[in-house]
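Participant: Structure file target-v2.cif (mmCIF, C-alpha atoms) is given on the next line.
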```cif
data_start
loop_
_atom_site.label_atom_id
_atom_site.label_comp_id
_atom_site.auth_asym_id
_atom_site.auth_seq_id
_atom_site.Cartn_x
_atom_site.Cartn_y
_atom_site.Cartn_z
CA MET H 1 29.43 33.27 140.41
CA ASN H 2 28.15 29.73 139.91
CA ARG H 3 24.75 30.29 138.27
CA VAL H 4 23.79 28.52 135.10
CA LEU H 5 21.64 30.28 132.54
CA ALA H 6 19.50 27.96 130.41
CA LEU H 7 17.85 29.60 127.42
CA VAL H 8 15.23 28.09 125.12
CA ALA H 9 15.09 29.58 121.64
CA ALA H 10 13.47 26.60 119.93
CA PRO H 11 9.73 26.86 119.31
CA ARG H 12 9.09 23.08 119.52
CA LEU H 13 10.03 21.12 122.61
CA ASP H 14 8.54 17.69 121.91
CA THR H 15 11.88 16.67 120.45
CA PRO H 16 14.84 14.54 121.57
CA GLU H 17 17.02 17.66 121.53
CA ALA H 18 14.74 19.53 123.92
CA THR H 19 14.51 16.49 126.17
CA GLU H 20 18.30 16.23 126.36
CA PHE H 21 18.51 19.95 127.07
CA LEU H 22 16.04 19.68 129.97
CA ARG H 23 17.86 16.57 131.25
CA THR H 24 21.08 18.55 131.38
CA VAL H 25 19.45 21.49 133.13
CA ALA H 26 17.82 19.16 135.66
CA ALA H 27 21.14 17.39 136.29
CA LEU H 28 22.90 20.68 137.01
CA ARG H 29 20.13 21.71 139.40
CA ALA H 30 20.28 18.31 141.10
CA LEU H 31 23.97 19.01 141.68
CA ASP H 32 22.93 22.16 143.58
CA ARG H 33 23.78 24.62 140.84
CA PRO H 34 21.52 27.71 140.87
CA VAL H 35 19.71 27.73 137.52
CA ASP H 36 17.78 30.39 135.61
CA LEU H 37 15.54 28.97 132.87
CA ALA H 38 14.18 31.43 130.33
CA GLU H 39 12.80 31.74 126.82
CA ILE H 40 14.08 33.95 124.05
CA GLY H 41 13.20 34.60 120.42
CA ARG H 42 10.90 32.01 118.89
CA GLY H 43 11.16 30.03 122.10
CA VAL H 44 9.03 32.52 124.02
CA GLY H 45 5.96 30.67 125.23
CA ALA H 46 7.33 27.21 124.49
CA LEU H 47 7.73 26.43 128.19
CA THR H 48 5.55 29.05 129.86
CA LYS H 49 2.34 28.50 127.85
CA ASP H 50 1.02 24.93 127.91
CA PRO H 51 4.33 23.30 126.98
CA VAL H 52 4.26 20.28 124.69
CA LEU H 53 7.11 18.00 125.75
CA THR H 54 8.09 14.36 125.49
CA PRO H 55 7.16 12.25 128.53
CA ASP H 56 10.78 12.45 129.74
CA GLY H 57 10.80 16.18 129.09
CA ASP H 58 7.72 16.50 131.28
CA ARG H 59 9.53 14.63 134.06
CA TYR H 60 12.59 16.86 133.87
CA LEU H 61 10.51 20.04 133.88
CA ALA H 62 8.55 18.75 136.88
CA ALA H 63 11.81 17.93 138.68
CA LEU H 64 13.05 21.44 138.01
CA ALA H 65 9.83 22.92 139.38
CA GLU H 66 10.23 20.82 142.54
CA ASP H 67 13.70 22.31 142.88
CA GLY H 68 12.33 25.83 142.52
CA VAL H 69 13.25 26.41 138.87
CA HIS H 70 10.41 27.89 136.85
CA PRO H 71 10.73 29.04 133.23
CA ARG H 72 10.42 32.74 132.56
CA ALA H 73 9.62 34.67 129.43
CA ASP H 74 10.58 38.03 130.92
CA LEU H 75 14.07 37.41 132.28
CA ASP H 76 16.60 40.21 131.84
CA VAL H 77 18.89 38.07 129.68
CA SER H 78 21.69 40.64 129.52
CA ARG H 79 21.95 40.78 133.28
CA ALA H 80 21.48 37.02 133.67
CA VAL H 81 24.40 36.41 131.32
CA SER H 82 26.59 38.71 133.38
CA GLU H 83 25.75 36.70 136.50
CA ALA H 84 26.20 33.25 134.96
CA PHE H 85 29.28 31.05 134.80
CA ALA H 86 27.78 28.90 132.06
CA LEU H 87 25.13 29.13 129.39
CA LEU H 88 23.06 26.27 128.01
CA LEU H 89 21.21 27.25 124.86
CA LEU H 90 18.60 25.20 123.05
CA PRO H 91 18.90 27.08 119.79
CA ASP H 92 16.34 27.83 117.15
CA PRO H 93 16.79 25.08 114.52
CA VAL H 94 16.43 27.64 111.71
CA ARG H 95 18.96 30.14 113.06
CA PRO H 96 21.36 31.61 110.50
CA GLY H 97 24.38 30.21 112.34
CA THR H 98 26.29 33.47 112.14
CA PRO H 99 28.60 33.92 113.91
CA ALA H 100 29.48 30.24 114.08
CA VAL H 101 30.41 30.60 117.76
CA LEU H 102 29.51 33.57 119.93
CA ARG H 103 31.93 33.75 122.86
CA LEU H 104 30.49 35.89 125.66
CA VAL H 105 32.67 36.98 128.55
CA ARG H 106 31.92 35.97 132.11
CA GLY H 107 30.83 38.93 134.25
CA ARG H 108 29.91 41.20 131.36
CA ALA H 109 26.36 42.21 130.43
CA LEU H 110 25.33 42.02 126.79
CA ASP H 111 24.86 45.02 124.56
CA ALA H 112 22.07 45.14 121.97
CA ALA H 113 24.23 43.66 119.22
CA ALA H 114 25.25 40.71 121.37
CA LEU H 115 21.64 40.10 122.38
CA THR H 116 20.69 39.89 118.72
CA ALA H 117 23.63 37.62 117.93
CA LEU H 118 22.59 35.34 120.78
CA GLY H 119 19.60 34.18 118.76
CA GLN H 120 21.48 33.89 115.48
CA ALA H 121 24.79 32.25 116.36
CA GLY H 122 25.56 28.63 115.64
CA GLN H 123 26.64 28.04 119.24
CA VAL H 124 27.00 30.37 122.24
CA VAL H 125 29.33 29.97 125.20
CA ILE H 126 30.49 31.99 128.18
CA ASP H 127 34.24 32.38 128.28
CA ALA H 128 36.60 33.38 131.06
CA PRO H 129 37.85 36.97 130.99
CA ARG H 130 41.40 37.21 129.63
CA MET Y 1 55.50 32.55 129.44
CA PRO Y 2 51.80 32.69 128.58
CA ALA Y 3 49.33 31.72 131.31
CA VAL Y 4 47.68 28.32 131.11
CA PRO Y 5 44.05 28.72 130.01
CA PRO Y 6 41.38 27.90 132.60
CA PRO Y 7 39.93 24.38 132.47
CA LEU Y 8 37.20 23.69 129.95
CA ARG Y 9 34.42 21.11 129.91
CA LEU Y 10 32.43 20.77 126.70
CA LEU Y 11 29.11 18.94 126.64
CA LEU Y 12 28.47 17.96 123.05
CA ALA Y 13 24.80 17.14 122.41
CA ALA Y 14 24.89 18.20 118.77
CA PRO Y 15 26.25 16.33 115.75
CA PRO Y 16 29.32 17.61 113.87
CA THR Y 17 27.02 18.95 111.15
CA ALA Y 18 25.11 21.29 113.48
CA PRO Y 19 25.84 25.01 113.13
CA GLY Y 20 28.95 26.07 115.00
CA VAL Y 21 29.98 22.64 116.28
CA GLY Y 22 33.12 22.35 114.15
CA PRO Y 23 34.48 25.78 115.18
CA LEU Y 24 33.54 25.09 118.80
CA LEU Y 25 35.54 21.86 118.78
CA GLU Y 26 38.42 23.70 117.18
CA ALA Y 27 38.29 26.34 119.94
CA ALA Y 28 38.34 23.59 122.55
CA ARG Y 29 41.29 21.92 120.83
CA ALA Y 30 43.14 25.23 120.86
CA VAL Y 31 42.71 25.41 124.64
CA ALA Y 32 44.24 21.94 124.96
CA VAL Y 33 47.12 22.84 122.67
CA GLU Y 34 47.83 25.87 124.91
CA GLY Y 35 48.13 23.49 127.86
CA GLY Y 36 44.64 23.86 129.30
CA SER Y 37 42.72 20.94 130.76
CA VAL Y 38 39.87 20.02 128.40
CA ALA Y 39 37.19 17.36 128.76
CA VAL Y 40 34.58 16.61 126.11
CA PHE Y 41 31.40 14.66 126.84
CA PHE Y 42 29.44 13.15 123.94
CA THR Y 43 25.73 12.66 124.51
CA ASP Y 44 22.50 12.20 122.57
CA ALA Y 45 22.88 13.57 119.02
CA GLY Y 46 26.49 14.41 119.83
CA LEU Y 47 27.33 10.71 119.83
CA ALA Y 48 27.34 10.92 116.04
CA GLY Y 49 30.63 12.77 116.41
CA LEU Y 50 32.36 9.63 117.62
CA SER Y 51 32.47 8.27 114.08
CA ASP Y 52 33.57 11.61 112.64
CA ALA Y 53 37.12 12.22 111.52
CA SER Y 54 37.26 15.28 113.75
CA VAL Y 55 37.35 13.19 116.94
CA ALA Y 56 40.77 11.54 116.63
CA PRO Y 57 42.66 14.86 116.73
CA LEU Y 58 40.89 15.71 119.99
CA GLY Y 59 42.42 12.75 121.80
CA ASP Y 60 45.77 13.46 120.18
CA ALA Y 61 45.61 16.99 121.61
CA GLY Y 62 45.36 15.57 125.11
CA MET Y 63 41.66 16.15 125.63
CA ARG Y 64 39.78 13.74 127.90
CA LEU Y 65 36.87 12.21 126.01
CA SER Y 66 33.85 10.48 127.52
CA LEU Y 67 30.36 9.53 126.46
CA CYS Y 68 26.96 9.16 128.08
CA ALA Y 69 26.40 5.42 128.50
CA ARG Y 70 22.65 5.96 128.94
CA SER Y 71 22.37 7.83 125.63
CA ALA Y 72 24.61 5.30 123.90
CA ARG Y 73 22.37 2.44 125.00
CA ALA Y 74 19.21 4.34 123.99
CA ARG Y 75 20.66 4.95 120.54
CA GLY Y 76 21.93 1.41 120.11
CA LEU Y 77 25.52 2.54 119.74
CA ASP Y 78 27.79 -0.36 118.89
CA PRO Y 79 30.54 -0.39 121.57
CA ALA Y 80 32.95 -1.74 118.97
CA ARG Y 81 32.67 1.57 117.12
CA VAL Y 82 33.65 3.64 120.15
CA PRO Y 83 37.30 4.70 120.06
CA ALA Y 84 39.36 3.24 122.89
CA SER Y 85 40.28 6.75 124.01
CA VAL Y 86 36.65 7.47 124.95
CA THR Y 87 35.51 6.60 128.48
CA TRP Y 88 31.97 5.39 129.17
CA SER Y 89 30.50 7.70 131.80
CA SER Y 90 27.37 9.61 132.84
CA LEU Y 91 26.00 13.12 132.59
CA THR Y 92 26.09 13.59 136.34
CA ALA Y 93 29.69 12.42 136.61
CA PHE Y 94 30.68 14.91 133.91
CA LEU Y 95 28.91 17.86 135.52
CA ARG Y 96 29.85 17.30 139.15
CA ASP Y 97 32.93 18.67 140.91
CA LEU Y 98 33.72 21.48 138.50
CA GLU Y 99 36.96 23.09 139.62
CA PRO Y 100 36.77 26.82 140.42
CA GLY Y 101 37.27 28.85 137.27
CA THR Y 102 36.23 26.03 134.98
CA ARG Y 103 34.39 26.98 131.81
CA LEU Y 104 31.37 24.85 130.95
CA TRP Y 105 30.46 24.97 127.27
CA SER Y 106 27.66 23.11 125.59
CA ALA Y 107 26.37 22.53 122.09
CA PHE Y 108 22.82 21.56 121.16
CA PRO Y 109 21.53 21.03 117.60
#
```
As structure tokens, how would this structure be written, given the file I've shared?
Facilitator:
Amino acid sequence: MNRVLALVAAPRLDTPEATEFLRTVAALRALDRPVDLAEIGRGVGALTKDPVLTPDGDRYLAALAEDGVHPRADLDVSRAVSEAFALLLLPDPVRPGTPAVLRLVRGRALDAAALTALGQAGQVVIDAPR
Amino acid sequence: MPAVPPPLRLLLAAPPTAPGVGPLLEAARAVAVEGGSVAVFFTDAGLAGLSDASVAPLGDAGMRLSLCARSARARGLDPARVPASVTWSSLTAFLRDLEPGTRLWSAFP
């Protein structure tokens, strides 16, 4: 289990934050990590429908495409979380921030409540099972 | 005797004021206090955390701190304001060679 799940929940990607997010995703892929890149919430369409990125963001997305990583709007996020060792989330800037930190557990799929919380939490991480 | 927590690497690309960042840092500090290996990497907007009062306790807890030199240069970060406990590094160096079982956390604004 060494996949990385990268989720975009932000509707605007022509920002420094989105560029840094894509740089991180591209760096992980360049290090041979399998990566799933998907959109959720208000981020749906931000990458898959005529994305508006910074010039560097464009470069990182192109690099990901060359490495076989293509953004998806229809990924089964619950299953993808269960198969990922790490989650990178570009959150919606207007999220409620509750809970402050959502700690998911490696190897476990999400239920409906956790899927909802994913888009509302301040930060989201995948933790090791205890 | 409680088990040592698995290693943790935290990529901090969000400032201390972003939702959830304070509690996330506190969770990372708790791992270090329990004896786990913790490394924190400051990059992009996360570099603002270097001048925050919350950083000093991280080093005191035994966490390894580093920053993205590329981002620091791009943001005109004054090296004199970087705590001596923080190593200048790169994103790739931080992300490579993750030990098996390592947790990789990240925070974006």
Participant: For chain H, report every residue with an atom at most 7 Å from chain Y (counting all atoms listed in the file), formatted as number ranges by chain.
Facilitator: H: 17, 20, 27-28, 31, 86, 88-91, 93, 97, 100-101, 122-123, 125, 127-128
Participant: Can you tell me how far atom CA of Y:Ala53 sits from atom CA of Y:Arg75, in Å to one decimal?
Facilitator: 20.1 Å
Participant: Taking the file as shown, what set of residues would the PyMOL selection byres ((chain H and resi 119) around 8) give back, as a ChimeraX atom specification?
Facilitator: /H:9,40-41,91-92,95,115-118,120-121
Participant: Looking at H:Met1, H:Ala65, H:Val77, H:Ala10, which one is nearest to H:Leu110, with distances taken over all atoms listed in the file?
Facilitator: H:Val77
Participant: Using all atoms listed in the file, which of Y:Gly36, Y:Pro16, Y:Gly59, Y:Gly46 sits nearest Y:Pro83?
Facilitator: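 For Y:Pro83, the nearest of the given residues is Y:Gly59.
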Participant: Could you give me, as a list in words, the residues that have an atom at most 10 Å away from the point (25.0, 46.8, 131.6) in the coordinates of the file, using only C-alpha atoms?
Facilitator: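 Those within range, by chain then number, are Ser78, Arg79, Ser82, Arg108, Ala109, Leu110 and Asp111 of chain H.
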Participant: Run the PyMOL selection byres ((chain H and resi 19) around 10) on the file and write out the hits as an NGL selection string.
Facilitator: (:H and (13-18 or 20-25 or 53-61)) or (:Y and (44))
Participant: Give me a file of those residues, with C-alpha atoms, as a PDB file, in the coordinates of the input.
Facilitator:
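The result, written out as again.pdb:
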```
ATOM      1  CA  LEU H  13      10.030  21.120 122.610  1.00  0.00           C
ATOM      2  CA  ASP H  14       8.540  17.690 121.910  1.00  0.00           C
ATOM      3  CA  THR H  15      11.880  16.670 120.450  1.00  0.00           C
ATOM      4  CA  PRO H  16      14.840  14.540 121.570  1.00  0.00           C
ATOM      5  CA  GLU H  17      17.020  17.660 121.530  1.00  0.00           C
ATOM      6  CA  ALA H  18      14.740  19.530 123.920  1.00  0.00           C
ATOM      7  CA  GLU H  20      18.300  16.230 126.360  1.00  0.00           C
ATOM      8  CA  PHE H  21      18.510  19.950 127.070  1.00  0.00           C
ATOM      9  CA  LEU H  22      16.040  19.680 129.970  1.00  0.00           C
ATOM     10  CA  ARG H  23      17.860  16.570 131.250  1.00  0.00           C
ATOM     11  CA  THR H  24      21.080  18.550 131.380  1.00  0.00           C
ATOM     12  CA  VAL H  25      19.450  21.490 133.130  1.00  0.00           C
ATOM     13  CA  LEU H  53       7.110  18.000 125.750  1.00  0.00           C
ATOM     14  CA  THR H  54       8.090  14.360 125.490  1.00  0.00           C
ATOM     15  CA  PRO H  55       7.160  12.250 128.530  1.00  0.00           C
ATOM     16  CA  ASP H  56      10.780  12.450 129.740  1.00  0.00           C
ATOM     17  CA  GLY H  57      10.800  16.180 129.090  1.00  0.00           C
ATOM     18  CA  ASP H  58       7.720  16.500 131.280  1.00  0.00           C
ATOM     19  CA  ARG H  59       9.530  14.630 134.060  1.00  0.00           C
ATOM     20  CA  TYR H  60      12.590  16.860 133.870  1.00  0.00           C
ATOM     21  CA  LEU H  61      10.510  20.040 133.880  1.00  0.00           C
TER      22      LEU H  61
ATOM     23  CA  ASP Y  44      22.500  12.200 122.570  1.00  0.00           C
TER      24      ASP Y  44
END
```
Participant: Would you mind reading off the distance between atom CA of Y:Ala74 and atom CA of H:Ala26, one decimal, in Å?
Facilitator: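 So the two atoms, atom CA of Y:Ala74 and atom CA of H:Ala26, lie 18.9 Å apart.
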Participant: Using only C-alpha atoms for the distances, tell me which of H:Pro51, H:Pro34, H:Gly43, H:Pro96 is nearest to H:Pro11.
Facilitator: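 Closest to H:Pro11 of all the choices is H:Gly43.
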Participant: With the file shown as input, list the residues that the PyMOL selection byres ((chain H and resi 37) around 6) selects, as an NGL selection string.
Facilitator: :H and (6-7 or 36 or 38 or 71)
Participant: Atom CA of Y:Met63 and atom CA of Y:Ala48, how far apart in Å?
Facilitator: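 Rounded to one decimal, the two atoms are 18.0 Å apart.
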Participant: Hey, what's within 9 Å of Y:Thr87 if we count all atoms listed in the file and toss same-chain stuff fewer than 4 positions away? As a ChimeraX atom specification, please?
Facilitator: /Y:64-68,83
Participant: Can you sort out stretch 1-27 of chain Y so it carries N, CA and C atoms, written as a PDB file, in the frame of the given file?
Facilitator:
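Result file follows (result39.pdb):
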```pdb
ATOM      1  N   MET Y   1      56.198  33.809 129.653  1.00  0.00           N
ATOM      2  CA  MET Y   1      55.500  32.550 129.440  1.00  0.00           C
ATOM      3  C   MET Y   1      54.000  32.795 129.557  1.00  0.00           C
ATOM      4  N   PRO Y   2      53.238  32.428 128.535  1.00  0.00           N
ATOM      5  CA  PRO Y   2      51.800  32.690 128.580  1.00  0.00           C
ATOM      6  C   PRO Y   2      51.120  31.853 129.661  1.00  0.00           C
ATOM      7  N   ALA Y   3      50.045  32.439 130.256  1.00  0.00           N
ATOM      8  CA  ALA Y   3      49.330  31.720 131.310  1.00  0.00           C
ATOM      9  C   ALA Y   3      48.579  30.536 130.723  1.00  0.00           C
ATOM     10  N   VAL Y   4      48.447  29.486 131.535  1.00  0.00           N
ATOM     11  CA  VAL Y   4      47.680  28.320 131.110  1.00  0.00           C
ATOM     12  C   VAL Y   4      46.194  28.689 131.108  1.00  0.00           C
ATOM     13  N   PRO Y   5      45.468  28.374 130.041  1.00  0.00           N
ATOM     14  CA  PRO Y   5      44.050  28.720 130.010  1.00  0.00           C
ATOM     15  C   PRO Y   5      43.279  27.990 131.107  1.00  0.00           C
ATOM     16  N   PRO Y   6      42.192  28.590 131.585  1.00  0.00           N
ATOM     17  CA  PRO Y   6      41.380  27.900 132.600  1.00  0.00           C
ATOM     18  C   PRO Y   6      40.782  26.616 132.037  1.00  0.00           C
ATOM     19  N   PRO Y   7      40.472  25.660 132.922  1.00  0.00           N
ATOM     20  CA  PRO Y   7      39.930  24.380 132.470  1.00  0.00           C
ATOM     21  C   PRO Y   7      38.632  24.567 131.681  1.00  0.00           C
ATOM     22  N   LEU Y   8      38.387  23.625 130.805  1.00  0.00           N
ATOM     23  CA  LEU Y   8      37.200  23.690 129.950  1.00  0.00           C
ATOM     24  C   LEU Y   8      36.523  22.322 129.921  1.00  0.00           C
ATOM     25  N   ARG Y   9      35.213  22.322 130.114  1.00  0.00           N
ATOM     26  CA  ARG Y   9      34.420  21.110 129.910  1.00  0.00           C
ATOM     27  C   ARG Y   9      33.381  21.415 128.830  1.00  0.00           C
ATOM     28  N   LEU Y  10      33.336  20.564 127.840  1.00  0.00           N
ATOM     29  CA  LEU Y  10      32.430  20.770 126.700  1.00  0.00           C
ATOM     30  C   LEU Y  10      31.445  19.616 126.615  1.00  0.00           C
ATOM     31  N   LEU Y  11      30.179  19.938 126.774  1.00  0.00           N
ATOM     32  CA  LEU Y  11      29.110  18.940 126.640  1.00  0.00           C
ATOM     33  C   LEU Y  11      28.595  19.023 125.210  1.00  0.00           C
ATOM     34  N   LEU Y  12      28.788  17.954 124.475  1.00  0.00           N
ATOM     35  CA  LEU Y  12      28.470  17.960 123.050  1.00  0.00           C
ATOM     36  C   LEU Y  12      27.205  17.120 122.817  1.00  0.00           C
ATOM     37  N   ALA Y  13      26.076  17.815 122.670  1.00  0.00           N
ATOM     38  CA  ALA Y  13      24.800  17.140 122.410  1.00  0.00           C
ATOM     39  C   ALA Y  13      24.335  17.392 120.986  1.00  0.00           C
ATOM     40  N   ALA Y  14      25.217  17.903 120.164  1.00  0.00           N
ATOM     41  CA  ALA Y  14      24.890  18.200 118.770  1.00  0.00           C
ATOM     42  C   ALA Y  14      25.850  17.451 117.852  1.00  0.00           C
ATOM     43  N   PRO Y  15      25.368  17.051 116.682  1.00  0.00           N
ATOM     44  CA  PRO Y  15      26.250  16.330 115.750  1.00  0.00           C
ATOM     45  C   PRO Y  15      27.245  17.285 115.107  1.00  0.00           C
ATOM     46  N   PRO Y  16      28.292  16.741 114.484  1.00  0.00           N
ATOM     47  CA  PRO Y  16      29.320  17.610 113.870  1.00  0.00           C
ATOM     48  C   PRO Y  16      28.755  18.531 112.793  1.00  0.00           C
ATOM     49  N   THR Y  17      27.601  18.153 112.222  1.00  0.00           N
ATOM     50  CA  THR Y  17      27.020  18.950 111.150  1.00  0.00           C
ATOM     51  C   THR Y  17      26.188  20.132 111.647  1.00  0.00           C
ATOM     52  N   ALA Y  18      25.927  20.199 112.942  1.00  0.00           N
ATOM     53  CA  ALA Y  18      25.110  21.290 113.480  1.00  0.00           C
ATOM     54  C   ALA Y  18      25.876  22.612 113.403  1.00  0.00           C
ATOM     55  N   PRO Y  19      25.158  23.721 113.238  1.00  0.00           N
ATOM     56  CA  PRO Y  19      25.840  25.010 113.130  1.00  0.00           C
ATOM     57  C   PRO Y  19      26.775  25.280 114.306  1.00  0.00           C
ATOM     58  N   GLY Y  20      27.997  25.642 113.989  1.00  0.00           N
ATOM     59  CA  GLY Y  20      28.950  26.070 115.000  1.00  0.00           C
ATOM     60  C   GLY Y  20      29.711  24.971 115.706  1.00  0.00           C
ATOM     61  N   VAL Y  21      29.341  23.720 115.505  1.00  0.00           N
ATOM     62  CA  VAL Y  21      29.980  22.640 116.280  1.00  0.00           C
ATOM     63  C   VAL Y  21      31.451  22.471 115.877  1.00  0.00           C
ATOM     64  N   GLY Y  22      31.726  22.495 114.592  1.00  0.00           N
ATOM     65  CA  GLY Y  22      33.120  22.350 114.150  1.00  0.00           C
ATOM     66  C   GLY Y  22      34.020  23.433 114.737  1.00  0.00           C
ATOM     67  N   PRO Y  23      33.659  24.710 114.585  1.00  0.00           N
ATOM     68  CA  PRO Y  23      34.480  25.780 115.180  1.00  0.00           C
ATOM     69  C   PRO Y  23      34.564  25.687 116.706  1.00  0.00           C
ATOM     70  N   LEU Y  24      33.498  25.218 117.336  1.00  0.00           N
ATOM     71  CA  LEU Y  24      33.540  25.090 118.800  1.00  0.00           C
ATOM     72  C   LEU Y  24      34.553  24.024 119.214  1.00  0.00           C
ATOM     73  N   LEU Y  25      34.552  22.901 118.503  1.00  0.00           N
ATOM     74  CA  LEU Y  25      35.540  21.860 118.780  1.00  0.00           C
ATOM     75  C   LEU Y  25      36.957  22.364 118.515  1.00  0.00           C
ATOM     76  N   GLU Y  26      37.096  23.151 117.484  1.00  0.00           N
ATOM     77  CA  GLU Y  26      38.420  23.700 117.180  1.00  0.00           C
ATOM     78  C   GLU Y  26      38.885  24.648 118.291  1.00  0.00           C
ATOM     79  N   ALA Y  27      37.943  25.434 118.823  1.00  0.00           N
ATOM     80  CA  ALA Y  27      38.290  26.340 119.940  1.00  0.00           C
ATOM     81  C   ALA Y  27      38.695  25.536 121.165  1.00  0.00           C
TER      82      ALA Y  27
END
```
